[in-house]
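Coordinates from upload39.tsv are shown below (TSV, C-alpha atoms and all ligand atoms).
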chain	number	residue	atom	x	y	z
A	1	MET	CA	208.33	-3.71	-29.36
A	2	SER	CA	208.48	-1.12	-26.59
A	3	GLU	CA	209.28	-1.99	-23.00
A	4	LEU	CA	205.71	-1.45	-21.84
A	5	GLY	CA	203.60	-2.83	-24.62
A	6	PRO	CA	203.63	-4.82	-27.83
A	7	ASP	CA	202.19	-2.03	-29.85
A	8	GLU	CA	203.53	1.47	-29.38
A	9	ALA	CA	201.59	2.61	-32.44
A	10	ALA	CA	198.30	1.54	-30.85
A	11	ARG	CA	199.10	3.55	-27.73
A	12	GLN	CA	199.91	6.63	-29.75
A	13	LYS	CA	196.71	6.22	-31.72
A	14	ARG	CA	194.68	5.99	-28.52
A	15	LYS	CA	196.36	9.08	-27.15
A	16	GLN	CA	195.26	10.94	-30.27
A	17	ILE	CA	191.69	9.67	-29.89
A	18	VAL	CA	191.55	10.71	-26.26
A	19	TRP	CA	192.97	14.14	-27.02
A	20	GLN	CA	190.48	14.77	-29.76
A	21	LEU	CA	187.51	13.57	-27.74
A	22	SER	CA	188.26	15.84	-24.83
A	23	GLY	CA	189.88	18.72	-26.68
A	24	ASP	CA	192.97	18.21	-24.52
A	25	HIS	CA	195.28	19.24	-27.34
A	26	ARG	CA	193.94	22.78	-26.94
A	27	GLY	CA	194.81	22.95	-23.23
A	28	ILE	CA	192.32	22.93	-20.35
A	29	ASN	CA	191.99	26.70	-20.10
A	30	ALA	CA	191.10	27.08	-23.77
A	31	VAL	CA	188.57	24.25	-23.46
A	32	ALA	CA	187.16	25.85	-20.31
A	33	LYS	CA	186.65	29.20	-22.05
A	34	GLN	CA	184.43	27.53	-24.63
A	35	ALA	CA	182.80	25.03	-22.29
A	36	ASN	CA	179.19	24.38	-23.14
A	37	ILE	CA	177.67	25.58	-19.87
A	38	GLU	CA	174.58	26.68	-21.77
A	39	GLN	CA	173.46	23.01	-21.80
A	40	LEU	CA	172.76	23.37	-18.08
A	41	GLU	CA	169.43	24.78	-17.03
A	42	ASN	CA	171.26	26.51	-14.23
A	43	PRO	CA	175.05	27.04	-14.55
A	44	ARG	CA	175.16	27.26	-10.74
A	45	ASP	CA	174.58	23.49	-10.81
A	46	LEU	CA	178.25	23.32	-11.63
A	47	GLU	CA	178.99	24.38	-8.09
A	48	LYS	CA	177.10	21.33	-6.82
A	49	PHE	CA	179.01	19.05	-9.18
A	50	PHE	CA	182.25	20.64	-8.04
A	51	ARG	CA	181.31	20.02	-4.39
A	52	ASP	CA	180.50	16.39	-5.24
A	53	MET	CA	183.77	15.88	-7.06
A	54	VAL	CA	185.86	17.44	-4.32
A	55	PHE	CA	184.01	15.43	-1.68
A	56	ILE	CA	184.51	12.11	-3.48
A	57	ARG	CA	188.18	12.87	-4.07
A	58	LYS	CA	188.80	13.79	-0.43
A	59	PHE	CA	186.74	10.81	0.77
A	60	GLU	CA	188.86	8.38	-1.20
A	61	GLU	CA	192.12	10.10	-0.31
A	62	LYS	CA	191.13	9.54	3.32
A	63	CYS	CA	190.40	5.89	2.50
A	64	ASN	CA	193.93	5.55	1.15
A	65	VAL	CA	195.38	6.96	4.38
A	66	ALA	CA	193.13	4.73	6.49
A	67	TYR	CA	194.19	1.69	4.46
A	68	ARG	CA	197.84	2.42	5.16
A	69	LEU	CA	197.06	2.78	8.86
A	70	GLY	CA	195.55	-0.70	8.81
A	71	LYS	CA	192.06	0.68	9.43
A	72	ILE	CA	190.75	-0.89	6.22
A	73	GLY	CA	191.32	-4.54	5.43
A	74	GLY	CA	191.06	-6.71	2.36
A	75	TYR	CA	191.04	-5.24	-1.10
A	76	MET	CA	190.29	-1.62	-1.81
A	77	HIS	CA	190.23	0.15	-5.17
A	78	THR	CA	189.71	3.87	-5.57
A	79	TYR	CA	188.06	5.80	-8.40
A	80	ILE	CA	190.52	8.71	-8.13
A	81	GLY	CA	190.96	10.36	-11.55
A	82	MET	CA	187.75	8.89	-12.97
A	83	GLU	CA	185.21	10.98	-11.01
A	84	ALA	CA	183.77	12.95	-13.94
A	85	THR	CA	182.37	9.73	-15.41
A	86	ALA	CA	180.28	8.69	-12.39
A	87	ILE	CA	179.17	12.26	-11.62
A	88	GLY	CA	178.11	13.01	-15.19
A	89	TRP	CA	176.20	9.76	-15.65
A	90	ASN	CA	174.58	9.90	-12.23
A	91	ALA	CA	173.28	13.38	-13.01
A	92	ALA	CA	171.27	11.97	-15.91
A	93	LEU	CA	169.42	9.49	-13.68
A	94	ARG	CA	166.14	9.83	-11.83
A	95	PRO	CA	167.01	9.67	-8.13
A	96	ASN	CA	165.60	6.73	-6.17
A	97	TRP	CA	164.20	5.25	-9.37
A	98	ASP	CA	166.93	4.20	-11.80
A	99	TYR	CA	169.37	1.37	-11.08
A	100	VAL	CA	173.16	1.30	-10.95
A	101	ILE	CA	175.50	-1.67	-10.69
A	102	THR	CA	179.27	-1.69	-10.93
A	103	ALA	CA	182.39	-3.69	-10.13
A	104	TYR	CA	184.62	-3.03	-7.14
A	105	ARG	CA	185.47	0.67	-7.73
A	106	ASP	CA	182.22	1.34	-5.99
A	107	HIS	CA	182.68	4.15	-3.48
A	108	PRO	CA	181.45	7.13	-5.59
A	109	GLN	CA	178.16	5.73	-6.84
A	110	PRO	CA	176.39	5.36	-3.46
A	111	LEU	CA	177.82	8.71	-2.34
A	112	LEU	CA	176.28	10.29	-5.44
A	113	MET	CA	173.01	8.40	-5.14
A	114	GLY	CA	172.34	9.78	-1.67
A	115	SER	CA	173.57	7.00	0.61
A	116	ASP	CA	174.69	8.03	4.07
A	117	PRO	CA	178.44	8.70	3.69
A	118	ILE	CA	179.08	7.46	7.24
A	119	ALA	CA	177.51	4.12	6.31
A	120	VAL	CA	179.66	4.01	3.15
A	121	MET	CA	182.83	4.70	5.14
A	122	ALA	CA	181.83	2.25	7.87
A	123	GLU	CA	181.31	-0.44	5.22
A	124	ILE	CA	184.72	0.21	3.72
A	125	MET	CA	186.15	-0.12	7.26
A	126	GLY	CA	184.23	-3.37	7.84
A	127	ARG	CA	182.09	-1.96	10.65
A	128	SER	CA	178.58	-2.98	11.64
A	129	GLY	CA	177.27	0.50	10.84
A	130	GLY	CA	178.15	-0.10	7.19
A	131	LEU	CA	175.68	-0.40	4.34
A	132	SER	CA	176.31	-4.16	4.16
A	133	ARG	CA	176.67	-4.34	7.97
A	134	GLY	CA	180.42	-4.44	7.62
A	135	LYS	CA	180.47	-7.83	5.96
A	136	GLY	CA	181.10	-6.66	2.42
A	137	GLY	CA	183.91	-4.17	2.77
A	138	SER	CA	185.16	-1.82	0.09
A	139	MET	CA	184.24	-4.05	-2.86
A	140	HIS	CA	180.67	-4.74	-1.75
A	141	VAL	CA	178.98	-1.48	-0.90
A	142	TYR	CA	175.26	-1.87	-1.55
A	143	ASP	CA	172.21	0.33	-1.06
A	144	ILE	CA	169.11	-1.21	-2.49
A	145	GLU	CA	166.84	1.62	-1.28
A	146	ARG	CA	168.74	4.05	-3.48
A	147	GLY	CA	168.83	1.65	-6.41
A	148	PHE	CA	172.52	0.85	-5.98
A	149	PHE	CA	173.07	-2.87	-6.49
A	150	GLY	CA	176.80	-3.05	-5.66
A	151	GLY	CA	179.83	-3.51	-5.56
A	152	TRP	CA	181.05	-6.86	-7.25
A	153	GLY	CA	184.45	-8.54	-7.26
A	154	ILE	CA	184.31	-11.10	-10.05
A	155	VAL	CA	185.46	-9.32	-13.19
A	156	GLY	CA	182.52	-9.13	-15.62
A	157	GLY	CA	180.43	-11.29	-13.27
A	158	HIS	CA	177.98	-8.53	-12.44
A	159	THR	CA	177.10	-7.72	-16.05
A	160	PRO	CA	174.32	-10.34	-16.29
A	161	LEU	CA	172.94	-8.92	-13.05
A	162	GLY	CA	172.85	-5.52	-14.75
A	163	GLY	CA	170.91	-7.11	-17.61
A	164	GLY	CA	168.66	-8.76	-15.01
A	165	LEU	CA	167.88	-5.46	-13.32
A	166	ALA	CA	166.85	-4.00	-16.66
A	167	PHE	CA	164.80	-7.10	-17.39
A	168	ALA	CA	162.99	-6.75	-14.04
A	169	ALA	CA	162.18	-3.10	-14.72
A	170	LYS	CA	160.85	-3.88	-18.18
A	171	TYR	CA	158.86	-6.89	-16.95
A	172	ARG	CA	157.17	-4.71	-14.33
A	173	LYS	CA	156.55	-2.00	-16.93
A	174	GLU	CA	158.58	0.53	-14.96
A	175	ASP	CA	160.53	3.04	-17.01
A	176	ARG	CA	163.73	2.63	-15.04
A	177	VAL	CA	167.11	2.83	-16.74
A	178	THR	CA	169.98	0.64	-15.52
A	179	LEU	CA	173.59	1.79	-15.69
A	180	CYS	CA	175.96	-1.16	-15.73
A	181	TYR	CA	179.56	-0.01	-15.35
A	182	LEU	CA	182.41	-2.37	-16.23
A	183	GLY	CA	186.12	-2.09	-16.88
A	184	ASP	CA	188.11	-2.52	-20.09
A	185	GLY	CA	189.35	-5.85	-18.70
A	186	ALA	CA	185.80	-6.99	-17.95
A	187	ALA	CA	184.84	-6.23	-21.54
A	188	ASN	CA	186.65	-9.46	-22.50
A	189	ALA	CA	184.64	-11.69	-20.18
A	190	GLY	CA	182.53	-14.35	-21.90
A	191	VAL	CA	179.52	-13.67	-19.71
A	192	PHE	CA	179.51	-10.06	-20.89
A	193	PHE	CA	178.95	-11.21	-24.49
A	194	GLU	CA	176.09	-13.47	-23.38
A	195	THR	CA	174.59	-10.51	-21.54
A	196	LEU	CA	174.86	-8.30	-24.63
A	197	ASN	CA	173.09	-10.94	-26.66
A	198	MET	CA	170.17	-11.17	-24.25
A	199	ALA	CA	169.98	-7.43	-23.71
A	200	ALA	CA	169.64	-6.95	-27.47
A	201	LEU	CA	167.29	-9.90	-27.92
A	202	TRP	CA	164.91	-8.63	-25.27
A	203	ASP	CA	165.42	-4.88	-25.83
A	204	LEU	CA	166.49	-4.27	-22.25
A	205	PRO	CA	166.80	-0.65	-21.07
A	206	VAL	CA	170.39	-0.97	-19.88
A	207	ILE	CA	173.46	1.12	-20.66
A	208	PHE	CA	176.76	-0.72	-20.55
A	209	ILE	CA	179.44	1.79	-19.63
A	210	ILE	CA	182.85	0.32	-20.38
A	211	GLU	CA	185.28	2.47	-18.45
A	212	ASN	CA	188.47	2.25	-20.45
A	213	ASN	CA	191.04	3.38	-17.91
A	214	GLU	CA	193.67	1.62	-20.05
A	215	PHE	CA	194.54	-1.15	-17.59
A	216	ALA	CA	193.26	-4.38	-16.16
A	217	MET	CA	195.36	-4.63	-13.00
A	218	GLY	CA	198.93	-4.32	-14.36
A	219	THR	CA	197.97	-5.34	-17.90
A	220	ARG	CA	197.75	-2.66	-20.53
A	221	LEU	CA	194.83	-2.66	-22.95
A	222	GLU	CA	196.88	-3.86	-25.96
A	223	TYR	CA	198.00	-6.92	-24.00
A	224	HIS	CA	194.52	-8.04	-22.98
A	225	ALA	CA	192.17	-7.07	-25.82
A	226	ALA	CA	192.48	-8.46	-29.35
A	227	ASP	CA	190.44	-5.49	-30.53
A	228	THR	CA	191.14	-2.37	-28.48
A	229	GLU	CA	188.20	-0.51	-30.01
A	230	LEU	CA	185.98	-1.53	-27.14
A	231	TRP	CA	183.00	0.54	-28.27
A	232	LYS	CA	182.61	-1.97	-31.10
A	233	ARG	CA	181.65	-4.70	-28.62
A	234	GLY	CA	177.99	-3.80	-29.17
A	235	ALA	CA	178.11	-4.08	-32.97
A	236	PRO	CA	177.66	-7.88	-33.38
A	237	PHE	CA	174.45	-7.58	-31.35
A	238	ASN	CA	173.10	-4.51	-33.15
A	239	ILE	CA	173.40	-2.50	-29.95
A	240	LYS	CA	173.90	1.20	-30.53
A	241	SER	CA	177.44	1.97	-29.42
A	242	GLU	CA	179.85	4.86	-29.25
A	243	ARG	CA	183.11	6.05	-27.76
A	244	LEU	CA	182.98	8.98	-25.37
A	245	ASP	CA	185.20	11.16	-23.24
A	246	GLY	CA	185.12	10.44	-19.51
A	247	MET	CA	187.31	13.21	-18.09
A	248	ASP	CA	185.54	16.44	-18.98
A	249	LEU	CA	182.43	16.74	-16.82
A	250	LEU	CA	180.55	19.04	-19.19
A	251	THR	CA	181.02	16.64	-22.07
A	252	VAL	CA	180.01	13.67	-19.91
A	253	LEU	CA	176.85	15.45	-18.68
A	254	GLN	CA	175.73	16.14	-22.21
A	255	ASP	CA	176.41	12.64	-23.55
A	256	ALA	CA	174.89	10.93	-20.53
A	257	LYS	CA	171.65	12.89	-20.68
A	258	ARG	CA	171.21	12.22	-24.39
A	259	ILE	CA	171.79	8.49	-24.00
A	260	VAL	CA	169.80	7.96	-20.79
A	261	ASP	CA	166.83	9.78	-22.35
A	262	TYR	CA	167.15	7.64	-25.48
A	263	VAL	CA	167.21	4.37	-23.54
A	264	ARG	CA	164.28	5.39	-21.33
A	265	THR	CA	162.15	6.33	-24.31
A	266	GLU	CA	163.18	3.69	-26.82
A	267	GLN	CA	163.52	0.85	-24.29
A	268	LYS	CA	166.63	-0.49	-25.96
A	269	PRO	CA	170.16	-1.25	-24.73
A	270	TYR	CA	173.13	1.01	-25.42
A	271	LEU	CA	176.88	0.54	-25.09
A	272	VAL	CA	179.52	3.20	-24.56
A	273	GLU	CA	183.27	3.07	-24.21
A	274	VAL	CA	184.29	5.89	-21.92
A	275	MET	CA	187.90	7.03	-22.05
A	276	ASN	CA	189.27	7.79	-18.60
A	277	TYR	CA	192.38	6.94	-16.60
A	278	ARG	CA	192.96	5.75	-13.07
A	279	PHE	CA	195.44	7.90	-11.23
A	280	SER	CA	196.20	5.44	-8.46
A	281	GLY	CA	197.37	1.87	-8.64
A	282	HIS	CA	194.91	-0.92	-9.38
A	283	GLY	CA	194.15	-1.35	-5.70
A	284	ALA	CA	195.44	0.20	-2.51
A	285	ALA	CA	198.04	-2.56	-2.27
A	286	ASP	CA	199.45	-1.90	-5.77
A	287	ASN	CA	202.40	0.33	-5.09
A	288	ASP	CA	204.67	-0.37	-8.02
A	289	ARG	CA	202.81	1.23	-10.91
A	290	GLN	CA	206.03	1.82	-12.79
A	291	LEU	CA	206.12	-1.88	-13.62
A	292	TYR	CA	203.45	-1.24	-16.21
A	293	ARG	CA	203.41	2.49	-16.92
A	294	THR	CA	205.94	5.27	-17.03
A	295	LYS	CA	206.10	8.35	-14.84
A	296	GLU	CA	205.88	10.51	-18.00
A	297	GLU	CA	202.62	8.84	-18.98
A	298	GLU	CA	201.20	9.41	-15.52
A	299	GLU	CA	202.25	13.07	-15.56
A	300	ALA	CA	200.58	13.58	-18.95
A	301	ASN	CA	197.36	12.05	-17.64
A	302	TYR	CA	197.37	14.02	-14.39
A	303	LYS	CA	197.01	17.07	-16.64
A	304	ARG	CA	193.66	15.63	-17.75
A	305	ASP	CA	192.47	15.59	-14.12
A	306	PRO	CA	188.66	16.05	-14.14
A	307	LEU	CA	188.93	18.20	-11.04
A	308	LEU	CA	191.46	20.56	-12.63
A	309	ARG	CA	189.27	20.78	-15.72
A	310	LEU	CA	186.16	21.62	-13.74
A	311	LYS	CA	188.06	24.22	-11.73
A	312	ALA	CA	189.23	25.81	-14.97
A	313	VAL	CA	185.62	26.08	-16.18
A	314	LEU	CA	184.43	27.59	-12.90
A	315	ARG	CA	187.26	30.11	-12.97
A	316	GLU	CA	187.20	30.99	-16.68
A	317	ARG	CA	183.40	31.39	-16.72
A	318	ASN	CA	183.34	33.40	-13.50
A	319	ILE	CA	181.17	30.95	-11.62
A	320	LEU	CA	183.44	30.50	-8.59
A	321	SER	CA	186.57	32.31	-7.49
A	322	ASP	CA	189.74	30.50	-6.48
A	323	GLU	CA	189.13	31.53	-2.86
A	324	THR	CA	185.65	30.02	-2.85
A	325	MET	CA	186.94	26.82	-4.41
A	326	GLU	CA	189.66	26.57	-1.77
A	327	ALA	CA	187.08	27.09	0.97
A	328	ILE	CA	184.91	24.32	-0.51
A	329	GLU	CA	187.90	21.99	-0.54
A	330	GLU	CA	188.67	22.73	3.10
A	331	GLU	CA	185.06	22.23	4.07
A	332	ALA	CA	185.01	18.85	2.30
A	333	GLU	CA	188.20	17.78	4.05
A	334	ASN	CA	186.72	18.60	7.46
A	335	ARG	CA	183.49	16.84	6.58
A	336	VAL	CA	185.39	13.71	5.56
A	337	GLU	CA	187.34	13.79	8.85
A	338	ASP	CA	184.06	13.85	10.79
A	339	ILE	CA	182.65	11.03	8.69
A	340	TYR	CA	185.77	8.95	9.28
A	341	GLU	CA	185.75	9.55	13.05
A	342	THR	CA	182.07	8.60	13.31
A	343	ALA	CA	182.54	5.48	11.18
A	344	ASP	CA	185.57	4.51	13.24
A	345	ALA	CA	183.43	4.59	16.40
A	346	SER	CA	181.15	1.90	14.92
A	347	PRO	CA	181.98	-1.60	16.23
A	348	PHE	CA	183.02	-4.58	14.12
A	349	PRO	CA	180.23	-7.10	13.46
A	350	GLU	CA	179.80	-9.80	16.09
A	351	PRO	CA	181.62	-13.05	15.17
A	352	HIS	CA	178.37	-15.06	15.07
A	353	GLU	CA	177.04	-12.75	12.36
A	354	VAL	CA	179.36	-14.42	9.89
A	355	TYR	CA	176.65	-17.06	9.43
A	356	MET	CA	173.86	-14.56	8.82
A	357	ASN	CA	172.57	-13.69	5.35
A	358	VAL	CA	174.45	-16.53	3.71
A	359	TYR	CA	173.08	-19.70	2.15
A	360	THR	CA	173.81	-22.07	4.99
A	361	ASP	CA	172.06	-23.59	7.97
A	362	MET	CA	175.34	-24.32	9.70
A	363	GLU	CA	175.66	-23.57	13.37
A	364	PRO	CA	178.80	-21.70	14.41
A	365	GLU	CA	181.36	-24.14	15.79
A	366	VAL	CA	182.46	-23.49	19.32
A	367	GLY	CA	186.00	-22.20	19.43
A	368	HIS	CA	186.03	-20.98	15.83
B	401	LIG	C1	186.93	-13.56	-13.18
B	401	LIG	C2	188.05	-12.82	-12.52
B	401	LIG	N1	189.30	-12.96	-13.02
B	401	LIG	C3	190.33	-12.28	-12.46
B	401	LIG	C4	190.12	-11.46	-11.38
B	401	LIG	C5	191.26	-10.68	-10.79
B	401	LIG	N2	191.11	-9.26	-11.16
B	401	LIG	C6	190.62	-8.38	-10.27
B	401	LIG	S1	190.49	-6.87	-10.94
B	401	LIG	C7	191.10	-7.36	-12.42
B	401	LIG	C8	191.27	-6.37	-13.55
B	401	LIG	C9	190.01	-5.83	-14.12
B	401	LIG	O1	190.26	-4.69	-14.89
B	401	LIG	P1	189.13	-3.77	-15.47
B	401	LIG	O2	187.95	-4.59	-15.81
B	401	LIG	O3	189.74	-2.96	-16.55
B	401	LIG	O4	188.72	-2.84	-14.23
B	401	LIG	P2	189.52	-1.69	-13.50
B	401	LIG	O5	190.24	-2.32	-12.34
B	401	LIG	O6	190.45	-1.05	-14.45
B	401	LIG	O7	188.48	-0.75	-13.00
B	401	LIG	C10	191.41	-8.72	-12.38
B	401	LIG	C11	191.97	-9.47	-13.50
B	401	LIG	C12	188.79	-11.35	-10.88
B	401	LIG	N3	188.51	-10.58	-9.84
B	401	LIG	N4	187.78	-12.02	-11.48
B	402	MG	MG	190.53	-1.02	-16.49
Could you render the structure as C-alpha cells?
Amino acid sequence: MSELGPDEAARQKRKQIVWQLSGDHRGINAVAKQANIEQLENPRDLEKFFRDMVFIRKFEEKCNVAYRLGKIGGYMHTYIGMEATAIGWNAALRPNWDYVITAYRDHPQPLLMGSDPIAVMAEIMGRSGGLSRGKGGSMHVYDIERGFFGGWGIVGGHTPLGGGLAFAAKYRKEDRVTLCYLGDGAANAGVFFETLNMAALWDLPVIFIIENNEFAMGTRLEYHAADTELWKRGAPFNIKSERLDGMDLLTVLQDAKRIVDYVRTEQKPYLVEVMNYRFSGHGAADNDRQLYRTKEEEEANYKRDPLLRLKAVLRERNILSDETMEAIEEEAENRVEDIYETADASPFPEPHEVYMNVYTDMEPEVGH
C-alpha cells in the first residue's frame, strides 16, 4: 500500500486513461498542432473562449485573495484548473433556454451564462447586490432568469433537482436540456442512484456530468468509490454513458455538442464521467493539500492546465500571438479589479432580511 492510497495500480491506470483521452502523452504543443479547429464554424470563436477562460481564472484568483483578506466569509470553493469543462459544455447550450444546476463550485456557470459578474462577485462577498441578495454566498449563486439553478452545498443533494428540472421541461413540452454537474464524491450518494432510476424511467432530457477531479475533499477516488469507473454508474439504468476528457477545450466542445444535440433530439438522459483535476485545495480554507496528494502529482497535473493547452492551440494555429494573449490577460485582470471594487461598495443585507424568503413566520427577536 502506498502512503497516499490503497491502490497505487489503480492510480497508475487512471493516469494512463487520462493521458490517452487528452493526448497528453504527446505533449501539449503536438496536440495543439493537430487540434481539430475545423469543428468550429468560425475558428475566431476560440478567441472568445480564451477570453472567457482567462476571465474566469482571474475572477477566481481574485476571490482567493479576497478570501484571505477576510472579504469573503463562509465556505468558498474555486473551479481553478477545471475551466475547460464548464466552458465547453456551456457552449453547447441554447442561451436563456437550457438549464444548469451544480454543486458548490458554482462561480463559472453564471459568468458563462451571462449573469452580471458584479452580482456574482457581490454574492460571493455576501453583499445585498448579489444574485441571491447576499444571503447565499459563494456556494449558492443563483440566476433563474438565465436558467442557472445554483449553487448547492449538500453533496449529491441537488441531483434530484436536476432530474426535476428536466421533468418540468418535458412536462411542458419544451425542448430544454438540463446539465446537472456533480463531483466524483457525489456520484456515491444514494439519492443520485434514485435520480438515475427516475431519469431513465421517464426518459428525462438531462445530462449528468460527473466531474472526476480525483478527490472528494481530502479523500482520493480509490478510498471513496468501490468502483472507480464512474462512467459505469449509468449502466444499471440503461442510460447511455461514457468517459470523456475535461481538460482540452477543443475535445470538450466536440463531445458536448454531440451529446447535447442527442439529448435534445432523443429526449433521453445521458451520463458522462469527465476527467479533470482541481488545482487548488478543496475549499479556500484547505491549505494542506500535501496531506492527500504529492507535489509531484500536482506538478504533473499543472502541465495539463486547460489554459496552457488553449494558449498552445492559439499560438500553434496562428490565431492569436503571445502579445495579444498577454494583453487579453491584462485586460481581464483590470476588469476583475473593477468588478471587485464595485461589488465591495455594495452594502451587507439588513439584519431583518434574515427572515425573508425562508419558510417561517417568525418575527425577528429584539436584541438578536
Ligand atoms: C451529504 C454531505 N456529506 C458530506 C458533506 C461534506 N462535503 C462537502 S464537499 C465534500 C466532497 C465532495 O466531493 P466531490 O463530489 O468529488 O466534489 P468536488 O469538491 O471534488 O467538486 C464533502 C464530503 C456535504 N456537504 N454533504
Ligand atoms: Mg471531486
*Which one is closest to ligand MG 402 (chain B): A:Lys173, A:Lys232, A:His140, A:His77? Count only C-alpha atoms and all ligand atoms.*
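Comparing A:Lys173, A:Lys232, A:His140, A:His77 against ligand MG 402 (chain B), the winner is A:His77.
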Between chain A and ligand MG 402 (chain B), at 8 Å or less, what are the per-residue closest atom pairs and their distances in Å? Count only C-alpha atoms and all ligand atoms, order by chain and rising residue number, and return it as JSON lines.
{"residue": "A:Gly183", "atom": "CA", "partner": "B:MG402", "partner_atom": "MG", "distance": 4.6}
{"residue": "A:Asp184", "atom": "CA", "partner": "B:MG402", "partner_atom": "MG", "distance": 4.6}
{"residue": "A:Gly185", "atom": "CA", "partner": "B:MG402", "partner_atom": "MG", "distance": 5.4}
{"residue": "A:Ala186", "atom": "CA", "partner": "B:MG402", "partner_atom": "MG", "distance": 7.8}
{"residue": "A:Glu211", "atom": "CA", "partner": "B:MG402", "partner_atom": "MG", "distance": 6.6}
{"residue": "A:Asn212", "atom": "CA", "partner": "B:MG402", "partner_atom": "MG", "distance": 5.5}
{"residue": "A:Asn213", "atom": "CA", "partner": "B:MG402", "partner_atom": "MG", "distance": 4.7}
{"residue": "A:Glu214", "atom": "CA", "partner": "B:MG402", "partner_atom": "MG", "distance": 5.4}
{"residue": "A:Phe215", "atom": "CA", "partner": "B:MG402", "partner_atom": "MG", "distance": 4.2}
{"residue": "A:Ala216", "atom": "CA", "partner": "B:MG402", "partner_atom": "MG", "distance": 4.3}
{"residue": "A:Met217", "atom": "CA", "partner": "B:MG402", "partner_atom": "MG", "distance": 7.0}
{"residue": "A:Leu221", "atom": "CA", "partner": "B:MG402", "partner_atom": "MG", "distance": 7.9}
{"residue": "A:Arg278", "atom": "CA", "partner": "B:MG402", "partner_atom": "MG", "distance": 8.0}
*asked:* My list of candidates is A:Phe50, A:Phe193, A:Tyr67, A:Tyr142. Which is closest to Asp116 in chain A when distances are computed with only C-alpha atoms?
replied: A:Tyr142
*Selection: 8 Å around range 206-209 of chain A, all atoms listed in the file, excl. self and same-chain fewer than 5 positions, as an NGL selection string*: :A and (162-163 or 166 or 177-182 or 199 or 260 or 263 or 268-274)
*Taking all atoms listed in the file into account, which of A:Arg51, A:Arg293, A:Lys170, A:His282 comes nearest ligand LIG 401 (chain B)?*
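Distance minimum relative to ligand LIG 401 (chain B) lands on A:His282.
Distances here use only C-alpha atoms; by that measure, the residue among A:Gly218, A:Pro160, A:Glu123, A:Asn96 closest to Asn287 in chain A is A:Gly218.
If you look at CA of Asp261 in chain A and CA of Ala92 in chain A, they are 8.1 Å away from each other.
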*Select, from A:Ile87, A:Ala226, A:Met113, A:Met82, the residue with the minimum atom-to-atom distance to ligand LIG 401 (chain B), counting all atoms listed in the file.*
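So, comparing all the options, the nearest one is A:Met82.
Residues in contact range of Asp143 in chain A, defined as at most 12 Å between all atoms listed in the file, with sequence neighbours fewer than 4 positions away removed, read Asn96, Tyr99, Val100, Ile101, Asp106, His107, Gln109, Pro110, Leu111, Leu112, Met113, Gly114, Ser115, Asp116, Pro117, Ala119, Val120, Glu123, Gly130, Leu131, Ser132, Arg133, Gly136, Gly147, Phe148, Phe149, Gly150 and Gly151 of chain A.
Using all atoms listed in the file, the smallest distance between any of A:Ile37, A:Ala32, A:Ile154, A:Leu308 and ligand LIG 401 (chain B) comes from A:Ile154.
CA of Ala256 in chain A to CA of Ala86 in chain A spans 10.0 Å [interatomic distance, one decimal].
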*Would you work out the distance separating CA of Glu174 in chain A from CA of Lys257 in chain A, expressed in Å to one decimal?*
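CA of Glu174 in chain A sits 18.9 Å away from CA of Lys257 in chain A.
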*Counting only C-alpha atoms, what is within 10 Å of Gly27 in chain A, bar same-chain residues fewer than 6 positions away, as a ChimeraX atom specification?*
/A:19,303-304,309
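The residue set within 12 Å of Gln254 in chain A, counting only C-alpha atoms and dropping same-chain residues fewer than 2 places from it, reads Ala35, Asn36, Ile37, Glu38, Gln39, Leu40, Glu41, Ala84, Thr85, Ile87, Gly88, Trp89, Asn90, Ala91, Ala92, Leu244, Asp245, Gly246, Asp248, Leu249, Leu250, Thr251, Val252, Ala256, Lys257, Arg258, Ile259, Val260 and Asp261 of chain A.
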_Shell around range 322-337 of chain A at 7 Å using all atoms listed in the file, local window under 2 positions removed, as a ChimeraX atom specification_ = /A:51,54-55,58-59,315,320,339-341
Adding 5 Å on each side of the box along x, y and z that holds all listed atoms of range 84-103 of chain A, could you give its centre and edge lengths in Å to one decimal, as JSON?
{"center_x": 174.0, "center_y": 4.8, "center_z": -11.0, "size_x": 29.6, "size_y": 27.1, "size_z": 19.7}
Could you extract range 32-40 of chain A of the given structure into a file holding N, CA and C atoms, as a compact mmCIF listing (two decimals), in the first residue's frame?
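See decode.txt below for the written result:
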# COMPACT_ATOMS: atom_id res chain seq x y z
N ALA A 32 -1.69 20.52 -29.88
CA ALA A 32 -2.19 21.80 -30.40
C ALA A 32 -2.04 21.88 -31.92
N LYS A 33 -0.92 21.37 -32.42
CA LYS A 33 -0.69 21.42 -33.88
C LYS A 33 -1.77 20.68 -34.64
N GLN A 34 -2.28 19.60 -34.02
CA GLN A 34 -3.29 18.80 -34.72
C GLN A 34 -4.70 19.04 -34.19
N ALA A 35 -4.86 20.10 -33.41
CA ALA A 35 -6.16 20.35 -32.80
C ALA A 35 -7.24 20.50 -33.86
N ASN A 36 -8.39 19.92 -33.54
CA ASN A 36 -9.48 19.91 -34.51
C ASN A 36 -10.24 21.24 -34.49
N ILE A 37 -9.59 22.29 -35.01
CA ILE A 37 -10.30 23.58 -35.01
C ILE A 37 -11.32 23.65 -36.15
N GLU A 38 -11.23 22.70 -37.06
CA GLU A 38 -12.18 22.67 -38.19
C GLU A 38 -13.61 22.40 -37.72
N GLN A 39 -13.75 21.81 -36.51
CA GLN A 39 -15.10 21.55 -35.98
C GLN A 39 -15.84 22.86 -35.73
N LEU A 40 -15.09 23.96 -35.56
CA LEU A 40 -15.72 25.24 -35.23
C LEU A 40 -16.16 25.93 -36.51
